[in-house]
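Colleague: A single structure is presented below for examination.
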Amino acid sequence: MFKVTGIDHIGIAVPELDSVQELFEDVLGIESHGKETVADQKVTTAFYPLGDSELEFLESTAPDGPIAKYIDKNGGRGGIQHVALRVDNLEAALADLKERGIRLIDEKPRRGAGGNNIAFLHPKATNGILVELCQKAE
């Protein structure tokens, strides 16, 4: 059994991170944790903490990456790409969801930004919403 403990972050695809940095850091005064490139996901991320959750902005590092494809589908504009839910036990969550017949993109946890363990549920199983499950690194 597993428990969803909150919203970990909201992932927002953007054509480039520099304009996000100007708005959030220079105008709104919200400091990021810095940028991190996750090579196997073809993305550079920047997290902005807001209370118990964060906004994650994602910039593609390759034209064939999932974020580039998302932006292309949106006419070159960014937008909310995924919602990440924090869970207390990611492996148990995946096993339980699979047993219930929920289609998974990731059947096993993988490393995401910040060293956290992540896994995605398939949007066809979640009413078109890309849902990420996240367990914080210890």
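Chain labels A, B, ... are given in the sequence in which chains occur in the structure tokens; within each chain residues are numbered consecutively from 1, and ligands are likewise numbered from 1 in the order shown.
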Quick one: DSSP helix (DSSP H, G or I) residues in chain A, as a PyMOL selection string?
Modeller: chain A and resi 17-27+39-41+66-73+90-99+113-115+123-125
Colleague: Would you list the contacts of His122 (chain A) as a PyMOL selection string, taking every protein, DNA or RNA residue within 8 Å and counting only C-alpha atoms, but skipping same-chain residues closer than 6 positions in sequence?
Modeller: chain A and resi 103-105+130-131
Colleague: Just to be explicit: take each residue in the selection above, keep N, CA, C and O atoms, and write the result as a short mmCIF file (atom, residue, chain, number, x, y, z; two decimals), in the first residue's frame.
Modeller:
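The resulting file, again02.cif, is reproduced below:
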data_model
loop_
_atom_site.label_atom_id
_atom_site.label_comp_id
_atom_site.auth_asym_id
_atom_site.auth_seq_id
_atom_site.Cartn_x
_atom_site.Cartn_y
_atom_site.Cartn_z
N ARG A 103 -2.20 1.83 -16.64
CA ARG A 103 -1.08 1.81 -17.59
C ARG A 103 0.04 2.73 -17.10
O ARG A 103 -0.20 3.89 -16.74
N LEU A 104 1.25 2.20 -17.09
CA LEU A 104 2.41 2.93 -16.60
C LEU A 104 3.38 3.22 -17.75
O LEU A 104 3.55 2.38 -18.63
N ILE A 105 4.02 4.35 -17.72
CA ILE A 105 5.14 4.60 -18.62
C ILE A 105 6.38 3.95 -18.03
O ILE A 105 7.16 3.32 -18.73
N LEU A 130 -0.56 13.95 -17.76
CA LEU A 130 0.68 13.24 -17.48
C LEU A 130 0.96 13.40 -15.98
O LEU A 130 1.18 14.51 -15.49
N VAL A 131 0.89 12.27 -15.26
CA VAL A 131 1.10 12.27 -13.81
C VAL A 131 2.44 11.63 -13.51
O VAL A 131 2.73 10.52 -13.98
#
Colleague: Tell me, as number ranges by chain, which residues lie within 10 Å of region 93-100 of chain A, counting only C-alpha atoms; anything in the same chain fewer than 2 positions away does not count.
Modeller: A: 1-4, 87-91, 102-104, 106-109, 119-121, 133
Colleague: Store the residues picked out above in a file with C-alpha atoms, as a CSV table (one decimal), in the first residue's frame.
Modeller:
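The new file part-v2.csv reads:
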chain,number,residue,atom,x,y,z
A,1,MET,CA,0.0,0.0,0.0
A,2,PHE,CA,1.1,3.6,-0.6
A,3,LYS,CA,0.0,7.0,0.2
A,4,VAL,CA,0.0,10.3,-1.8
A,87,VAL,CA,4.3,9.4,-2.5
A,88,ASP,CA,5.7,7.7,0.5
A,89,ASN,CA,6.7,4.5,-1.3
A,90,LEU,CA,7.2,4.7,-5.0
A,91,GLU,CA,7.8,1.0,-5.6
A,102,ILE,CA,-3.3,1.4,-14.6
A,103,ARG,CA,-1.1,1.8,-17.6
A,104,LEU,CA,2.4,2.9,-16.6
A,106,ASP,CA,7.7,3.5,-16.0
A,107,GLU,CA,7.2,0.2,-14.3
A,108,LYS,CA,10.3,0.8,-12.1
A,109,PRO,CA,11.5,4.0,-10.4
A,119,ALA,CA,7.9,7.3,-12.4
A,120,PHE,CA,5.2,8.4,-14.9
A,121,LEU,CA,1.7,7.1,-15.4
A,133,LEU,CA,4.9,10.0,-9.0
Colleague: If I take CA of Pro49 (chain A) and CA of Gly11 (chain A), how far is one from the other in Å, to one decimal?
Modeller: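 Going from CA of Pro49 (chain A) over to CA of Gly11 (chain A), I get 12.3 Å.
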Colleague: So what do you get for CA of Leu17 (chain A) versus CA of Glu59 (chain A), distance-wise?
Modeller: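 CA of Glu59 (chain A) lies at a distance of 6.2 Å from CA of Leu17 (chain A).
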Colleague: Enumerate, as a list in words, the complete set of residues in region 11-60 of chain A that a backbone-based DSSP assignment places in strand (DSSP E or B).
Modeller: Gly11, Ile12, Ala13, Lys35, Glu36, Thr37, Val38, Val43, Thr44, Thr45, Ala46, Phe47, Tyr48, Pro49, Leu50, Ser53, Glu54, Leu55, Glu56, Phe57, Leu58, Glu59 and Ser60 of chain A
Colleague: Which residue, A:Arg110, A:Cys134, A:Ile7, A:Gly101, has the smallest gap to Ser53 (chain A) when you use only C-alpha atoms?
Modeller: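 Among A:Arg110, A:Cys134, A:Ile7, A:Gly101, it is A:Ile7 that comes nearest to Ser53 (chain A).
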Colleague: Of the candidates A:Val83, A:Leu58, A:Ala92, A:Val38, which one gets nearest to Ile10 (chain A) if we count only C-alpha atoms?
Modeller: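 Checking each candidate against Ile10 (chain A), we get A:Val83 as the closest.
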Colleague: Would you mind reading off the distance between CA of Arg77 (chain A) and CA of Gly115 (chain A), one decimal, in Å?
Modeller: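 So the answer is 28.2 Å.
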Colleague: Give me the residues within 9 Å of Pro66 (chain A) as an MDAnalysis selection string, counting only C-alpha atoms and dropping any in the same chain fewer than 6 places off.
Modeller: chainID A and resid 41:43 60
Colleague: Please produce a file of the residues just selected, as an mmCIF file, in the first residue's frame, where the atoms kept are N, CA and C atoms.
Modeller:
data_model
loop_
_atom_site.group_PDB
_atom_site.id
_atom_site.type_symbol
_atom_site.label_atom_id
_atom_site.label_comp_id
_atom_site.auth_asym_id
_atom_site.auth_seq_id
_atom_site.Cartn_x
_atom_site.Cartn_y
_atom_site.Cartn_z
ATOM 1 N N GLN A 41 16.823 12.240 -20.080
ATOM 2 C CA GLN A 41 15.480 12.768 -20.358
ATOM 3 C C GLN A 41 15.530 13.946 -21.333
ATOM 4 N N LYS A 42 16.740 14.306 -21.794
ATOM 5 C CA LYS A 42 16.945 15.374 -22.766
ATOM 6 C C LYS A 42 16.315 16.689 -22.303
ATOM 7 N N VAL A 43 16.636 17.054 -21.055
ATOM 8 C CA VAL A 43 16.000 18.224 -20.471
ATOM 9 C C VAL A 43 16.942 18.917 -19.486
ATOM 10 N N SER A 60 14.023 21.794 -23.249
ATOM 11 C CA SER A 60 14.572 20.648 -23.968
ATOM 12 C C SER A 60 16.030 20.891 -24.330
#
